[in-house]
>>> print(open('protein_36.cif').read())   # mmCIF, C-alpha atoms
data_coords
#
loop_
_atom_site.label_atom_id
_atom_site.label_comp_id
_atom_site.auth_asym_id
_atom_site.auth_seq_id
_atom_site.Cartn_x
_atom_site.Cartn_y
_atom_site.Cartn_z
CA MET P 9 138.05 36.88 26.99
CA HIS P 10 136.82 33.76 25.20
CA GLU P 11 139.16 31.68 27.34
CA LEU P 12 137.82 33.32 30.52
CA VAL P 13 134.21 32.57 29.53
CA LYS P 14 135.08 28.91 28.98
CA ARG P 15 136.91 28.62 32.30
CA LEU P 16 134.01 30.27 34.19
CA ARG P 17 131.50 27.87 32.65
CA ARG P 18 133.62 24.84 33.57
CA PHE P 19 134.24 26.24 37.07
CA ALA P 20 130.50 26.53 37.81
CA GLU P 21 129.56 23.26 36.11
CA GLU P 22 132.14 21.20 37.98
CA ARG P 23 130.82 22.58 41.29
CA GLU P 24 127.15 22.35 40.26
CA TRP P 25 126.80 26.03 41.08
CA GLU P 26 124.75 26.94 38.00
CA GLN P 27 121.62 26.59 40.14
CA PHE P 28 122.72 29.63 42.19
CA HIS P 29 123.91 31.65 39.20
CA SER P 30 120.66 33.24 38.07
CA PRO P 31 121.19 36.66 36.45
CA LYS P 32 119.38 38.16 39.45
CA ASN P 33 121.85 36.63 41.90
CA LEU P 34 124.86 37.42 39.72
CA SER P 35 123.82 41.08 39.55
CA MET P 36 123.78 41.15 43.36
CA ALA P 37 127.20 39.51 43.60
CA LEU P 38 128.53 42.00 41.05
CA SER P 39 127.33 44.93 43.17
CA VAL P 40 128.87 43.42 46.31
CA GLU P 41 132.26 43.05 44.62
CA VAL P 42 132.17 46.59 43.24
CA ALA P 43 131.54 47.86 46.77
CA GLU P 44 134.80 46.22 47.80
CA ILE P 45 136.56 48.44 45.26
CA VAL P 46 134.71 51.52 46.53
CA GLU P 47 135.70 50.61 50.09
CA HIS P 48 139.37 51.13 49.21
CA PHE P 49 138.69 54.68 48.04
CA GLN P 50 136.03 55.93 50.45
CA TRP P 51 138.31 57.88 52.81
CA LEU P 52 141.05 58.75 50.31
CA THR P 53 141.24 62.12 48.64
CA GLU P 54 141.06 62.04 44.85
CA GLU P 55 144.75 62.90 44.80
CA GLU P 56 145.63 59.98 47.06
CA SER P 57 143.56 57.67 44.87
CA ARG P 58 145.75 58.66 41.92
CA CYS P 59 148.99 57.51 43.54
CA LEU P 60 148.44 54.23 45.34
CA GLY P 61 151.28 52.08 46.58
CA ASP P 62 152.01 48.58 45.27
CA ASP P 63 150.23 46.82 48.14
CA LYS P 64 146.99 48.68 47.56
CA ARG P 65 147.25 48.06 43.83
CA ALA P 66 147.72 44.33 44.41
CA GLU P 67 144.62 44.27 46.62
CA LEU P 68 142.66 46.20 44.01
CA ALA P 69 143.75 43.78 41.28
CA GLU P 70 141.99 41.04 43.25
CA GLU P 71 138.80 43.07 43.61
CA ILE P 72 138.87 43.99 39.92
CA GLY P 73 139.35 40.31 39.13
CA ASP P 74 136.21 39.50 41.15
CA VAL P 75 134.17 42.20 39.40
CA MET P 76 135.37 41.00 35.99
CA ILE P 77 134.47 37.41 36.87
CA TYR P 78 130.90 38.29 37.78
CA LEU P 79 130.48 40.71 34.89
CA VAL P 80 131.63 38.12 32.36
CA ASN P 81 129.54 35.43 34.06
CA LEU P 82 126.41 37.58 34.00
CA SER P 83 127.04 38.64 30.40
CA ASP P 84 127.47 35.01 29.37
CA LYS P 85 124.14 34.08 30.96
CA LEU P 86 122.45 36.89 29.03
CA GLY P 87 124.18 36.07 25.74
CA ILE P 88 125.97 39.43 25.72
CA ASP P 89 129.58 40.03 24.70
CA PRO P 90 130.81 42.64 27.22
CA LEU P 91 133.62 43.94 25.01
CA ARG P 92 131.28 44.48 22.09
CA ALA P 93 128.71 46.05 24.44
CA ALA P 94 131.38 48.49 25.67
CA SER P 95 132.47 49.29 22.14
CA GLU P 96 128.91 49.97 20.99
CA LYS P 97 128.22 52.12 24.05
CA LEU P 98 131.36 54.10 23.31
CA ASP P 99 130.09 54.69 19.75
CA LYS P 100 126.97 56.22 21.29
CA ASN P 101 128.89 58.28 23.82
CA GLU P 102 131.10 59.76 21.12
CA LYS P 103 127.99 61.07 19.40
CA LYS P 104 126.27 62.13 22.62
CA TYR P 105 129.23 64.14 23.89
CA PRO P 106 130.78 65.85 20.86
CA VAL P 107 134.25 67.20 21.61
CA GLY P 108 133.33 70.73 20.55
CA LEU P 109 130.49 70.88 23.01
CA VAL P 110 131.89 69.31 26.18
CA LYS P 111 135.64 69.87 25.93
CA GLY P 112 137.05 70.94 29.27
CA LYS P 113 133.58 71.10 30.72
CA SER P 114 132.80 69.27 33.83
CA LEU P 115 131.02 65.97 33.60
CA LYS P 116 129.06 66.97 36.63
CA TYR P 117 126.70 69.08 34.59
CA THR P 118 126.02 66.33 32.11
CA GLU P 119 124.12 63.10 32.50
CA TYR P 120 127.16 61.12 31.44
CA MET M 14 140.44 44.75 25.07
CA HIS M 15 143.62 46.58 24.04
CA GLU M 16 141.60 48.44 21.41
CA LEU M 17 138.99 49.44 24.02
CA VAL M 18 141.67 50.81 26.37
CA LYS M 19 143.09 52.96 23.58
CA ARG M 20 139.65 54.30 22.57
CA LEU M 21 138.80 55.14 26.18
CA ARG M 22 142.06 57.05 26.64
CA ARG M 23 141.47 59.04 23.48
CA PHE M 24 137.84 59.65 24.39
CA ALA M 25 138.78 61.22 27.74
CA GLU M 26 141.77 63.12 26.41
CA GLU M 27 139.88 64.73 23.56
CA ARG M 28 137.24 65.95 26.02
CA GLU M 29 139.79 66.93 28.70
CA TRP M 30 137.91 64.75 31.15
CA GLU M 31 140.99 63.15 32.71
CA GLN M 32 140.76 65.72 35.49
CA PHE M 33 137.47 64.14 36.66
CA HIS M 34 138.64 60.56 36.19
CA SER M 35 140.42 59.96 39.49
CA PRO M 36 140.23 56.30 40.58
CA LYS M 37 138.04 57.46 43.47
CA ASN M 38 135.50 59.03 41.10
CA LEU M 39 135.67 56.13 38.63
CA SER M 40 134.90 53.67 41.45
CA MET M 41 131.79 55.70 42.26
CA ALA M 42 130.70 55.80 38.62
CA LEU M 43 131.27 52.05 38.37
CA SER M 44 128.99 51.42 41.36
CA VAL M 45 126.30 53.70 39.89
CA GLU M 46 126.33 51.81 36.59
CA VAL M 47 126.18 48.42 38.32
CA ALA M 48 123.10 49.60 40.22
CA GLU M 49 121.42 50.20 36.85
CA ILE M 50 121.89 46.50 36.12
CA VAL M 51 120.54 45.55 39.56
CA GLU M 52 117.53 47.78 38.95
CA HIS M 53 116.44 45.56 36.05
CA PHE M 54 116.38 42.51 38.31
CA GLN M 55 115.12 43.84 41.63
CA TRP M 56 111.47 42.79 41.29
CA LEU M 57 111.98 39.77 39.03
CA THR M 58 112.03 36.24 40.36
CA GLU M 59 115.22 34.32 39.73
CA GLU M 60 113.33 32.27 37.17
CA GLU M 61 112.16 35.38 35.31
CA SER M 62 115.71 36.71 35.32
CA ARG M 63 116.79 33.55 33.48
CA CYS M 64 114.45 34.09 30.52
CA LEU M 65 114.45 37.76 29.56
CA GLY M 66 112.98 39.01 26.31
CA ASP M 67 115.02 40.67 23.57
CA ASP M 68 114.11 44.21 24.63
CA LYS M 69 115.32 43.69 28.18
CA ARG M 70 118.50 42.06 26.90
CA ALA M 71 119.19 45.01 24.60
CA GLU M 72 118.78 47.39 27.54
CA LEU M 73 121.06 45.25 29.68
CA ALA M 74 123.69 45.19 26.93
CA GLU M 75 123.88 48.98 27.27
CA GLU M 76 124.25 48.81 31.05
CA ILE M 77 126.89 46.10 30.77
CA GLY M 78 128.69 48.27 28.24
CA ASP M 79 128.73 51.13 30.75
CA VAL M 80 130.06 48.91 33.54
CA MET M 81 132.75 47.51 31.25
CA ILE M 82 133.76 51.05 30.20
CA TYR M 83 134.27 52.20 33.79
CA LEU M 84 135.91 48.96 34.87
CA VAL M 85 138.43 49.13 32.04
CA ASN M 86 138.95 52.84 32.62
CA LEU M 87 139.60 52.34 36.34
CA SER M 88 141.87 49.37 35.68
CA ASP M 89 143.86 51.39 33.16
CA LYS M 90 144.37 54.19 35.70
CA LEU M 91 145.65 51.65 38.22
CA GLY M 92 147.88 49.85 35.72
CA ILE M 93 145.88 46.64 36.08
CA ASP M 94 144.89 44.29 33.24
CA PRO M 95 141.32 43.24 34.14
CA LEU M 96 141.42 40.01 32.10
CA ARG M 97 144.63 38.90 33.76
CA ALA M 98 143.25 39.93 37.16
CA ALA M 99 140.17 37.77 36.54
CA SER M 100 142.27 34.85 35.39
CA GLU M 101 144.53 35.03 38.45
CA LYS M 102 141.55 35.32 40.78
CA LEU M 103 140.04 32.26 39.13
CA ASP M 104 143.28 30.36 39.79
CA LYS M 105 142.84 31.20 43.47
CA ASN M 106 139.16 30.29 43.53
CA GLU M 107 139.85 26.90 41.98
CA LYS M 108 142.16 26.13 44.90
CA LYS M 109 139.89 27.71 47.51
CA TYR M 110 136.80 25.78 46.43
CA PRO M 111 137.96 22.26 45.50
CA VAL M 112 135.31 20.36 43.53
CA GLY M 113 135.27 17.45 45.98
CA LEU M 114 134.47 19.74 48.89
CA VAL M 115 131.84 22.12 47.51
CA LYS M 116 130.17 20.17 44.68
CA GLY M 117 126.42 20.66 44.76
CA LYS M 118 126.72 22.60 47.98
CA SER M 119 125.22 25.97 48.27
CA LEU M 120 127.40 29.00 47.80
CA LYS M 121 125.45 30.64 50.55
CA TYR M 122 127.45 28.86 53.22
CA THR M 123 130.75 29.82 51.67
CA GLU M 124 132.47 33.16 51.42
CA TYR M 125 132.61 32.88 47.65
CA MET S 16 109.51 56.29 63.01
CA HIS S 17 106.64 54.20 64.35
CA GLU S 18 104.26 56.22 62.19
CA LEU S 19 106.43 55.62 59.11
CA VAL S 20 106.46 51.86 59.71
CA LYS S 21 102.69 51.81 59.92
CA ARG S 22 102.26 53.87 56.75
CA LEU S 23 104.68 51.65 54.83
CA ARG S 24 102.81 48.51 55.87
CA ARG S 25 99.47 49.97 54.81
CA PHE S 26 100.97 51.27 51.56
CA ALA S 27 102.18 47.78 50.54
CA GLU S 28 99.09 45.95 51.79
CA GLU S 29 96.65 48.19 49.94
CA ARG S 30 98.58 47.58 46.72
CA GLU S 31 99.14 43.86 47.40
CA TRP S 32 102.84 44.43 46.94
CA GLU S 33 103.95 42.33 49.91
CA GLN S 34 104.53 39.45 47.50
CA PHE S 35 107.39 41.42 45.87
CA HIS S 36 108.81 42.71 49.15
CA SER S 37 111.01 39.81 50.17
CA PRO S 38 114.06 40.92 52.18
CA LYS S 39 116.21 39.83 49.22
CA ASN S 40 114.34 42.14 46.83
CA LEU S 41 114.22 45.00 49.33
CA SER S 42 118.00 44.79 49.80
CA MET S 43 118.38 45.18 46.03
CA ALA S 44 116.01 48.14 45.91
CA LEU S 45 117.90 49.72 48.81
CA SER S 46 121.19 49.44 46.92
CA VAL S 47 119.64 50.92 43.78
CA GLU S 48 118.34 53.95 45.70
CA VAL S 49 121.68 54.50 47.44
CA ALA S 50 123.35 54.56 44.03
CA GLU S 51 121.09 57.47 43.10
CA ILE S 52 122.62 59.40 45.99
CA VAL S 53 126.13 58.43 44.92
CA GLU S 54 125.32 59.57 41.37
CA HIS S 55 124.88 63.14 42.63
CA PHE S 56 128.38 63.16 44.09
CA GLN S 57 130.42 61.12 41.62
CA TRP S 58 131.98 64.01 39.69
CA LEU S 59 131.97 66.60 42.48
CA THR S 60 135.04 67.38 44.53
CA GLU S 61 134.70 66.79 48.25
CA GLU S 62 134.65 70.54 48.71
CA GLU S 63 131.81 70.98 46.24
CA SER S 64 129.87 68.23 47.98
CA ARG S 65 130.07 70.26 51.19
CA CYS S 66 128.33 73.30 49.74
CA LEU S 67 125.44 72.23 47.55
CA GLY S 68 122.76 74.62 46.34
CA ASP S 69 119.11 74.38 47.32
CA ASP S 70 118.06 72.57 44.13
CA LYS S 71 120.58 69.82 44.64
CA ARG S 72 119.59 69.50 48.30
CA ALA S 73 115.93 69.18 47.35
CA GLU S 74 116.80 66.40 44.90
CA LEU S 75 118.89 64.67 47.52
CA ALA S 76 116.06 64.89 50.05
CA GLU S 77 114.00 62.77 47.67
CA GLU S 78 116.74 60.18 47.26
CA ILE S 79 117.31 60.06 51.01
CA GLY S 80 113.56 59.60 51.45
CA ASP S 81 113.69 56.61 49.10
CA VAL S 82 116.63 55.06 50.95
CA MET S 83 114.92 55.57 54.29
CA ILE S 84 111.71 54.00 52.96
CA TYR S 85 113.47 50.83 51.84
CA LEU S 86 115.67 50.67 54.93
CA VAL S 87 112.68 50.92 57.26
CA ASN S 88 110.72 48.47 55.12
CA LEU S 89 113.53 45.91 55.14
CA SER S 90 114.09 46.38 58.88
CA ASP S 91 110.40 45.86 59.55
CA LYS S 92 110.41 42.61 57.58
CA LEU S 93 113.36 41.40 59.66
CA GLY S 94 111.88 42.52 62.97
CA ILE S 95 114.72 45.02 63.50
CA ASP S 96 114.38 48.55 64.89
CA PRO S 97 116.81 50.60 62.77
CA LEU S 98 117.22 53.38 65.34
CA ARG S 99 118.07 50.90 68.10
CA ALA S 100 120.38 49.04 65.71
CA ALA S 101 122.21 52.31 64.98
CA SER S 102 122.44 53.15 68.66
CA GLU S 103 123.86 49.74 69.56
CA LYS S 104 126.35 49.89 66.70
CA LEU S 105 127.46 53.30 67.92
CA ASP S 106 128.05 51.82 71.40
CA LYS S 107 130.38 49.31 69.77
CA ASN S 108 132.13 51.91 67.65
CA GLU S 109 132.82 54.09 70.69
CA LYS S 110 134.67 51.18 72.27
CA LYS S 111 136.36 50.09 69.05
CA TYR S 112 137.72 53.56 68.27
CA PRO S 113 138.75 55.14 71.58
CA VAL S 114 139.30 58.88 71.27
CA GLY S 115 142.84 58.70 72.62
CA LEU S 116 143.88 56.22 69.96
CA VAL S 117 142.30 57.56 66.79
CA LYS S 118 141.92 61.31 67.39
CA GLY S 119 142.90 63.27 64.31
CA LYS S 120 143.98 60.09 62.61
CA SER S 121 142.66 59.22 59.25
CA LEU S 122 139.82 56.78 59.00
CA LYS S 123 141.48 55.38 55.97
CA TYR S 124 143.87 53.30 58.03
CA THR S 125 141.08 51.86 60.14
CA GLU S 126 138.34 49.42 59.26
CA TYR S 127 135.69 51.87 60.33
CA MET U 19 116.41 60.19 65.96
CA HIS U 20 117.36 63.55 67.43
CA GLU U 21 119.42 61.72 70.06
CA LEU U 22 121.21 59.72 67.36
CA VAL U 23 122.09 62.87 65.42
CA LYS U 24 123.63 64.42 68.54
CA ARG U 25 125.63 61.31 69.38
CA LEU U 26 126.96 61.05 65.82
CA ARG U 27 128.08 64.68 65.86
CA ARG U 28 129.88 64.24 69.16
CA PHE U 29 131.39 60.94 67.99
CA ALA U 30 132.97 62.57 64.93
CA GLU U 31 134.01 65.76 66.71
CA GLU U 32 135.77 63.99 69.55
CA ARG U 33 137.76 61.98 67.03
CA GLU U 34 138.36 64.95 64.69
CA TRP U 35 136.88 62.90 61.87
CA GLU U 36 134.74 65.68 60.42
CA GLN U 37 137.53 66.34 57.91
CA PHE U 38 136.87 62.93 56.31
CA HIS U 39 133.09 63.20 56.48
CA SER U 40 132.36 65.13 53.29
CA PRO U 41 128.96 64.25 51.80
CA LYS U 42 130.83 62.68 48.89
CA ASN U 43 132.75 60.33 51.18
CA LEU U 44 129.70 59.57 53.32
CA SER U 45 127.73 58.57 50.22
CA MET U 46 130.50 56.10 49.36
CA ALA U 47 130.55 54.68 52.90
CA LEU U 48 126.76 54.36 52.77
CA SER U 49 126.94 52.33 49.56
CA VAL U 50 129.65 50.08 51.03
CA GLU U 51 127.54 49.32 54.10
CA VAL U 52 124.45 48.61 52.01
CA ALA U 53 126.47 46.10 50.00
CA GLU U 54 127.16 44.24 53.24
CA ILE U 55 123.40 43.78 53.62
CA VAL U 56 123.08 42.63 50.00
CA GLU U 57 125.91 40.15 50.58
CA HIS U 58 123.77 38.29 53.14
CA PHE U 59 121.02 37.78 50.57
CA GLN U 60 122.89 37.23 47.30
CA TRP U 61 122.71 33.41 47.23
CA LEU U 62 119.48 32.98 49.18
CA THR U 63 116.16 32.35 47.48
CA GLU U 64 113.48 34.95 48.18
CA GLU U 65 111.75 32.37 50.34
CA GLU U 66 114.87 31.76 52.41
CA SER U 67 115.32 35.51 52.85
CA ARG U 68 111.85 35.63 54.42
CA CYS U 69 112.68 33.19 57.21
CA LEU U 70 116.14 33.89 58.55
CA GLY U 71 117.42 32.41 61.80
CA ASP U 72 118.32 34.48 64.86
CA ASP U 73 122.06 34.51 64.11
CA LYS U 74 121.55 35.94 60.64
CA ARG U 75 119.12 38.51 62.00
CA ALA U 76 121.63 39.61 64.63
CA GLU U 77 124.28 40.06 61.94
CA LEU U 78 121.85 42.01 59.80
CA ALA U 79 120.94 44.26 62.73
CA GLU U 80 124.60 45.33 62.81
CA GLU U 81 124.67 46.05 59.08
CA ILE U 82 121.40 47.95 59.28
CA GLY U 83 122.86 49.93 62.18
CA ASP U 84 125.83 50.87 60.00
CA VAL U 85 123.61 51.95 57.12
CA MET U 86 121.44 54.01 59.46
CA ILE U 87 124.51 55.67 60.97
CA TYR U 88 125.82 56.80 57.59
CA LEU U 89 122.39 57.78 56.30
CA VAL U 90 121.72 59.97 59.34
CA ASN U 91 125.24 61.36 59.21
CA LEU U 92 124.91 62.27 55.52
CA SER U 93 121.44 63.73 56.04
CA ASP U 94 122.72 65.85 58.92
CA LYS U 95 125.53 67.24 56.75
CA LEU U 96 122.98 68.19 54.09
CA GLY U 97 120.50 69.67 56.56
CA ILE U 98 117.90 67.03 55.70
CA ASP U 99 115.61 65.25 58.17
CA PRO U 100 115.51 61.66 56.87
CA LEU U 101 112.20 60.80 58.53
CA ARG U 102 110.50 63.82 57.06
CA ALA U 103 112.10 63.09 53.69
CA ALA U 104 110.68 59.55 53.81
CA SER U 105 107.26 60.82 54.81
CA GLU U 106 107.19 63.36 52.00
CA LYS U 107 108.35 60.79 49.47
CA LEU U 108 105.61 58.45 50.64
CA ASP U 109 103.05 61.23 50.05
CA LYS U 110 104.28 61.39 46.46
CA ASN U 111 104.27 57.62 46.01
CA GLU U 112 100.70 57.37 47.23
CA LYS U 113 99.67 59.74 44.44
CA LYS U 114 101.95 58.17 41.84
CA TYR U 115 100.69 54.64 42.45
CA PRO U 116 96.94 54.86 43.09
CA VAL U 117 95.57 51.66 44.62
CA GLY U 118 92.97 51.22 41.88
CA LEU U 119 95.62 51.26 39.19
CA VAL U 120 98.41 49.11 40.56
CA LYS U 121 96.69 46.77 43.02
CA GLY U 122 98.06 43.26 42.70
CA LYS U 123 100.13 44.32 39.74
CA SER U 124 103.76 43.63 39.70
CA LEU U 125 106.14 46.39 40.62
CA LYS U 126 108.39 45.17 37.90
CA TYR U 127 106.38 46.93 35.24
CA THR U 128 106.39 50.23 37.09
CA GLU U 129 109.20 52.63 37.78
CA TYR U 130 108.63 52.37 41.51
#
>>> encode(input="protein_36.cif", output="structure tokens")
Amino acid sequence: MHELVKRLRRFAEEREWEQFHSPKNLSMALSVEVAEIVEHFQWLTEEESRCLGDDKRAELAEEIGDVMIYLVNLSDKLGIDPLRAASEKLDKNEKKYPVGLVKGKSLKYTEY
Amino acid sequence: MHELVKRLRRFAEEREWEQFHSPKNLSMALSVEVAEIVEHFQWLTEEESRCLGDDKRAELAEEIGDVMIYLVNLSDKLGIDPLRAASEKLDKNEKKYPVGLVKGKSLKYTEY
Amino acid sequence: MHELVKRLRRFAEEREWEQFHSPKNLSMALSVEVAEIVEHFQWLTEEESRCLGDDKRAELAEEIGDVMIYLVNLSDKLGIDPLRAASEKLDKNEKKYPVGLVKGKSLKYTEY
Amino acid sequence: MHELVKRLRRFAEEREWEQFHSPKNLSMALSVEVAEIVEHFQWLTEEESRCLGDDKRAELAEEIGDVMIYLVNLSDKLGIDPLRAASEKLDKNEKKYPVGLVKGKSLKYTEY
């Protein structure tokens, strides 16, 4: 992760692209890239989405790479460590959704 | 990252939520969480988005945590390592946008 | 539709909100509102999404209202008539996907 | 609008695409099309987004057409009239944001 942050900084600096990389713009780019993931799944059944072929998975790896790039870039601009943020959010979720209460129950009735 | 993957697997297993976590559904949840980031920036100027206060940054850390959780979850389901995917995409981008060609030029005329 | 456009203009003018309603910002707000629709469906099966109760439908009517508001607002700023735009796009789609070629075939193999 | 609804129904029926058009799937397609609008604006300044050239506007008319198509399609499946939904939401917003209270004040501090 630390290596990725450093490469992304150098990548933008060398190209003088920092001027375009406001958090506002990066949040838009992030949403555009996520939509490219959603596009792969929009007409698939859930079952089909669980057993993709190698070609589809290779395409999705590229889209996931793009999302990760913008997420890490945005986080870096905001001084946030995305792995720590995920870990701390998971701490909260573990308390918010105690196993005894939600086990086997559908997420769709929660605010998760 | 490896630790996060393991915690996320255990989190879903303990709650028997795997049944809801098809890649299709996870891609939807990912897009919903990204929109919560976008929501913070929609009425801010770019300049304002560059100098957020501590409260806003704390809120955004939670949203980024959520996005990271779903991105890692989806990647795990697809057998994709998101850090490697980002690194490989960056390799491609470095070739696609050579410094000499795009330096100081606006991203808006590229497909970046 | 014409009535809606007029009301939206007056609504923003009276509140002096035009300054925030750049097409860039309106596109962000549009994406945020669409995500609120997606949120309703993220953990539902396709089948469940086809037979929602009245409460859910009332909630979705509000979200659809929001999306329509921002879509019409954005279109107005760009001098585009959204109904005509839809009609012209449908003309194109009818040529692009001739019945004889795609009938009964899954959208998922097309670019639709 | 009524004409558009009829054409969209016939379009899907002739192609036997109703099977793919669950509200869940349509909400995903809607979000994908909205992202194509956002993509046009992601690296533009707000000012630039206010004065687009004719080519850009023609491209955006197509994207707006796509969004409208899916929004009307989804609304039809849910038995919702999108124009009425917008009108009713606007009634609410007029009460929620009284001119005297929010005039000239930034949306960014409201929940609008």
>>> resolve_selection(input="protein_36.cif", expression="the PyMOL selection byres ((chain S and resi 35) around 10)", output="mmCIF file with C-alpha atoms, in the frame of the given file")
data_model
loop_
_atom_site.group_PDB
_atom_site.id
_atom_site.type_symbol
_atom_site.label_atom_id
_atom_site.label_comp_id
_atom_site.auth_asym_id
_atom_site.auth_seq_id
_atom_site.Cartn_x
_atom_site.Cartn_y
_atom_site.Cartn_z
ATOM 1 C CA GLN M 55 115.120 43.840 41.630
ATOM 2 C CA TRP M 56 111.470 42.790 41.290
ATOM 3 C CA LEU M 57 111.980 39.770 39.030
ATOM 4 C CA THR M 58 112.030 36.240 40.360
ATOM 5 C CA ALA S 27 102.180 47.780 50.540
ATOM 6 C CA GLU S 31 99.140 43.860 47.400
ATOM 7 C CA TRP S 32 102.840 44.430 46.940
ATOM 8 C CA GLU S 33 103.950 42.330 49.910
ATOM 9 C CA GLN S 34 104.530 39.450 47.500
ATOM 10 C CA HIS S 36 108.810 42.710 49.150
ATOM 11 C CA SER S 37 111.010 39.810 50.170
ATOM 12 C CA PRO S 38 114.060 40.920 52.180
ATOM 13 C CA LYS S 39 116.210 39.830 49.220
ATOM 14 C CA ASN S 40 114.340 42.140 46.830
ATOM 15 C CA LEU S 41 114.220 45.000 49.330
ATOM 16 C CA GLU U 64 113.480 34.950 48.180
ATOM 17 C CA LYS U 123 100.130 44.320 39.740
ATOM 18 C CA SER U 124 103.760 43.630 39.700
ATOM 19 C CA LEU U 125 106.140 46.390 40.620
ATOM 20 C CA LYS U 126 108.390 45.170 37.900
#
>>> interface_residues(input="protein_36.cif", of="chain S", to="chain U", cutoff="7 Å", atoms="all atoms listed in the file", output="ChimeraX atom specification")
/S:16,19,29-32,37-39,42-43,46,49-50,52-53,56,61,64-65,72,76-77,79-81,83-84,93,95,97-98,100-102,104,114,117-119
>>> atom_distance(input="protein_36.cif", atom1="CA of Gly61 in chain P", atom2="CA of Lys108 in chain M")
27.6 Å
>>> axis_aligned_box(input="protein_36.cif", around="range 67-70 of chain U", padding_each_side="5 Å", output="AutoDock Vina command-line options")
--center_x 114.0 --center_y 34.4 --center_z 55.7 --size_x 14.3 --size_y 12.4 --size_z 15.7
>>> atom_distance(input="protein_36.cif", atom1="CA of His10 in chain P", atom2="CA of Asn81 in chain P")
11.6 Å
